[in-house]
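Worksheet for the structure shown next.
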Amino acid sequence: MNEFKLKILDLLKEDARLSASTIATMLGADEVEVSAAIAEMERDHVIVKYATVVNWSKVDDEKVTALIQVECTPERGRGFESIAERIYLYPEVKSVYLMSGAYDLQVEIEGKTLKEVASFVSNKLSTIESVIATKTFFILKKYKQDGIIFEEFEGDQRLLVSP
Amino acid sequence: MITNQQTRGKESTQGMNRYLSAGARAIPPSGIRRFFDLVSASKDGSIISLGVGEPDFVTPWHIRDAAVYSLEKGKTQYTSNAGMLELREEIASYLNKQFNLQYEPGNEVLVTIGGSEAIDLAIRALVEPGDEVLIPEPCYVPYNPITALGGGVAVGIETFAKDGFRLTEEGLRAAITPRSKLLILSYPSNPTGAIMSYEDMLPIARLVEEHDLIVVSDEIYAELTYGSKHVSFASLPGMKDRTILVSGFSKAFAMTGWRMGYACGHSELIGAMLKIHQYTVMCAPIMGQVAALEALKNGMEEMYRMVESYNQRRRLVVQGFRDIGLDCHEPQGAFYVFPSIESTGLSSEEFSMRLVRDAKVAAVPGHVFGSGGEGFIRCSYASSVAQLTEALERIGQFVRQLK
C-alpha cells in the first residue's frame with residue numbers, strides 16, 4: 001500500500017462522507033487520481049464498506065449484544081475455516097474472530113431480545129457438530145467502539161476567539 | 001480612622017481608576033478580547049468559530065498520563081528556578097536536533113510559564129524607558145502592550161501581502177533609529193502564517209549586527225511549517241548571542257493550557273531574565289514540566305501527525321477562500337489563513353461583525369494585529385473538516401450577498 005492510499009484511508013476512516021474533490025484538495029493531489037485510488041481500493045476490498053458508528057443506547061430501538069467464546073474441533077485440512085464460515089453466514093452474527101488462548105472463536109451476536117440471542121446460541125451455534133462448548137457474555141454498555149468513545153463528546157471547549 | 005475608611009469606600013464607587021498605574025491605564029484592552037465579548041454574547045451555539053488560536057487536538061494521552069503518574073508519585077514540589085535540569089537538557093538537545101542550535105542547559109535555557117512569560121521577561125530584562133522595540137506587523141496582539149508595560153516604545157513595521165508578510169531589509173532599515181534596541185521576530189507568524197527563509201533573514205541579521213540590536217525571536221509555531229523546514233534566527237552567523245529564542249509546547253504538542261514555554265540565549269541575558277522570573281513566579285509548575293519532558297522525549301510522532309492534519313486543512317481552506325473569490329496568500333506556517341476582504345469594500349471590523357451576525361461565523365478582524373492588518377481577516381483552520389467546510393459555505397454565501 002503506498003503512502004498516497006494510506007492518507008486517503010486515514011481521511012475516510014475519520015469521515016466517510018468526504019468527497020474525492022475535498023480529499024484531493026486536502027492532499028494537494030489531483031481529483032481524478034484520488035477517485036481512481038478509491039475505486040481501486042473498493043475493487044480490491046481494501047475499502048469494504050462505508051458505515052456509520054451508531055450509539056444504539058441513544059436510540060429507542062434497543063438491541064442486545066453478546067460476545068460468545070466458542071471452543072471447537074478444527075477440521076482436517078481446513079482448520080477452523082469451514083466452522084467460521086458456517087457461523088459468520090448467519091445474519092445475527094456481527095463478527096467472528098479466530099483467537100489464541102483458552103478458546104478458538106469469538107463470535108459477536110446481535111439480537112432484539114435476550115431470549116432471541118439465547119435461542120440462537122442454544123439452537124444454532126451449539127448444535128454445530130464441531131462445537132464443543134460455548135460461553136455467552138452479554139454486553140451491558142458500550143463505552144468505546146472502533147476507537148470512538150461514545151460518552152466523551154463534550155463539544156469544543158476552546159474560547160470562541162483567542163490570540 | 002473610621003472616617004478615612006468611609007471616605008475611601010465612598011470614592012471607590014466613583015472610580016478606582018485613580019489607583020491604577022499609568023502603564024496599566026495606558027494599555028488598551030485587546031481588540032481580540034472586545035471581539036470575543038461580542039461573539040460570546042451570542043450564546044445559542046450556532047456560531048462556527050474560526051477565531052480560535054489553539055490546536056483542536058487534546059494533548060496526546062501519553063503526555064497527560066506522564067503528568068498524572070508523576071502526581072500520583074507525589075511530585076508536587078518547586079523545581080529549580082530555571083526549570084528541571086532534565087527538561088532543560090532535553091530542550092537543548094531538541095533544539096539542536098531540529099534547528100541546529102547549541103545551548104548550554106545549565107545557564108542558557110530558562111523554562112517559563114508559556115512563551116508569553118518569556119517575552120515579558122525578555123522585554124523587562126532589556127528595555128529601558130524610551131527604548132524602541134521594533135515589531136513587524138501584523139503581529140501577535142500582546143507584543144505592543146507588553147513592550148509598553150516594560151517602559152518601551154513599540155514601533156510597528158508594516159509588512160505587506162505582496163512580500164508574503166515577510167519583514168524586508170528596507171522595511172527594517174527605515175524603522176531603525178538610534179533608540180532602537182530590540183527587534184521582535186515572530187515567524188511562522190500569527191496571524192499571517194508567513195515564514196522567513198535563511199535567505200530572507202540574512203540581510204535582517206546584517207542590519208541587526210550593524211545597529212547593535214537584540215532580537216527576541218518568538219518561534220512558538222516553529223514545528224508547524226508546510227513545505228520548507230523552519231530556520232531559527234539564532235542559527236544565522238553571529239546571531240546566537242544576539243537572539244533570545246522564545247518557544248513553548250502549546251502549539252506543536254497541543255498543550256496550550258499547560259502554560260509551558262522557554263527562553264534560550266546568552267547566559268547573561270538569560271541570567272537577568274531568571275532573576276525576574278524567580279522573584280515573580282519562582283518556577284514553572286512541576287506537572288507542566290513533567291508533561292513537557294514527556295512531549296520532547298516521546299511526542300514527535302504524534303506531533304508530525306498533527307502537523308500533517310493541519311496541512312491538509314490548510315489546503316482546503318486556502319482553496320475555499322480562493323473559490324469564494326477572496327485573495328488569499330498561501331500561509332507556509334502556523335494554523336491561520338489571512339485572506340483579504342478588501343474587494344468587499346468593508347473594513348475588517350465591519351466585515352467580521354456582519355459575518356458573525358449574518359453568517360454565524362467568527363473570524364478575527366485583521367486590524368487588531370496592527371498596521372498592515374486592515375483589509376484582512378484571520379481564520380484559524382484548527383477545526384474539523386466538517387466545520388471548516390460549513391464555515392466556508394457560509395462565508396461564500398455572505399460574500400455573494402455583499403456583491
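Ordering of the C-alpha cells sets the chain letters (A, B, ...); residue numbers start at 1 within each chain; ligands are numbered from 1 in the order shown.
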
For chain A, work out the contacting residues on chain B at 10 Å, counting only C-alpha atoms, and write them as a VMD selection string.
chain B and resid 30 to 40 47 to 56 140 to 142 190 to 191 308 to 320 362 to 364 369 380 383 385 to 386 389

Limited to C-alpha atoms, could you put the picked residues into a file as a short mmCIF file (atom, residue, chain, number, x, y, z; two decimals), in the first residue's frame?
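Everything below was put into selection12.cif:
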data_model
loop_
_atom_site.label_atom_id
_atom_site.label_comp_id
_atom_site.auth_asym_id
_atom_site.auth_seq_id
_atom_site.Cartn_x
_atom_site.Cartn_y
_atom_site.Cartn_z
CA SER B 30 -7.13 43.65 23.46
CA GLY B 31 -9.04 44.06 20.22
CA ILE B 32 -9.47 40.32 20.25
CA ARG B 33 -10.99 40.48 23.71
CA ARG B 34 -13.54 43.04 22.56
CA PHE B 35 -14.47 40.87 19.64
CA PHE B 36 -14.58 37.85 21.92
CA ASP B 37 -17.18 39.53 24.10
CA LEU B 38 -19.30 40.26 21.07
CA VAL B 39 -19.10 36.66 19.85
CA SER B 40 -19.72 35.25 23.32
CA ILE B 47 -21.59 30.18 15.64
CA ILE B 48 -18.73 28.37 13.97
CA SER B 49 -15.59 29.97 15.31
CA LEU B 50 -12.51 30.33 13.15
CA GLY B 51 -11.22 32.77 15.75
CA VAL B 52 -9.52 30.23 17.98
CA GLY B 53 -5.76 30.45 18.32
CA GLU B 54 -5.16 26.97 19.64
CA PRO B 55 -4.96 23.41 18.37
CA ASP B 56 -8.19 21.44 18.17
CA TYR B 140 0.54 38.66 17.77
CA VAL B 141 -1.51 41.14 19.79
CA PRO B 142 0.38 41.18 23.15
CA ASN B 190 0.37 34.61 13.86
CA PRO B 191 -1.83 35.95 12.16
CA GLU B 308 0.06 16.68 8.60
CA SER B 309 -3.56 17.18 9.58
CA TYR B 310 -3.15 20.98 9.77
CA ASN B 311 -1.51 20.91 6.36
CA GLN B 312 -4.45 19.06 4.82
CA ARG B 313 -6.90 21.52 6.29
CA ARG B 314 -4.74 24.47 5.23
CA ARG B 315 -5.03 23.40 1.61
CA LEU B 316 -8.78 23.01 1.99
CA VAL B 317 -9.25 26.47 3.48
CA VAL B 318 -6.93 28.33 1.11
CA GLN B 319 -8.71 26.73 -1.83
CA GLY B 320 -12.06 27.52 -0.20
CA ALA B 362 -16.43 34.21 13.81
CA ALA B 363 -13.15 35.37 12.30
CA VAL B 364 -10.84 37.94 13.84
CA PHE B 369 -3.00 42.74 14.73
CA SER B 380 -7.82 29.55 12.13
CA SER B 383 -11.18 22.96 13.38
CA VAL B 385 -13.10 19.41 8.25
CA ALA B 386 -16.87 19.37 8.61
CA THR B 389 -16.46 23.17 5.09
#

For A:Ile109, list every protein, DNA or RNA residue within 7 Å, evaluated using only C-alpha atoms, and leave out those in the same chain fewer than 2 positions away; present the list as an mmCIF file with C-alpha atoms, in the first residue's frame.
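Final output, saved to part_0.cif:
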data_model
loop_
_atom_site.group_PDB
_atom_site.id
_atom_site.type_symbol
_atom_site.label_atom_id
_atom_site.label_comp_id
_atom_site.auth_asym_id
_atom_site.auth_seq_id
_atom_site.Cartn_x
_atom_site.Cartn_y
_atom_site.Cartn_z
ATOM 1 C CA THR A 65 -25.329 -7.782 22.015
ATOM 2 C CA ALA A 66 -23.421 -10.798 23.284
ATOM 3 C CA LEU A 67 -19.872 -11.993 22.939
ATOM 4 C CA GLU A 92 -27.352 -12.362 13.577
ATOM 5 C CA VAL A 93 -23.575 -12.713 13.713
ATOM 6 C CA LYS A 94 -21.776 -9.343 13.657
ATOM 7 C CA VAL A 107 -18.489 -14.568 17.969
ATOM 8 C CA GLY A 111 -30.488 -9.624 18.556
ATOM 9 C CA VAL A 117 -29.779 -14.271 21.435
#

Residues within 12 Å of A:Met99, please, as a list in words. Count only C-alpha atoms; anything in the same chain fewer than 5 positions from it doesn't count.
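My reading of the contact set: Ile68, Gln69, Val70, Glu71, Cys72, Phe80, Ala84, Asp104, Leu105, Gln106 and Val107 of chain A.
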
A straight line from atom CA of B:His230 to atom CA of B:Ser197 spans 7.5 Å
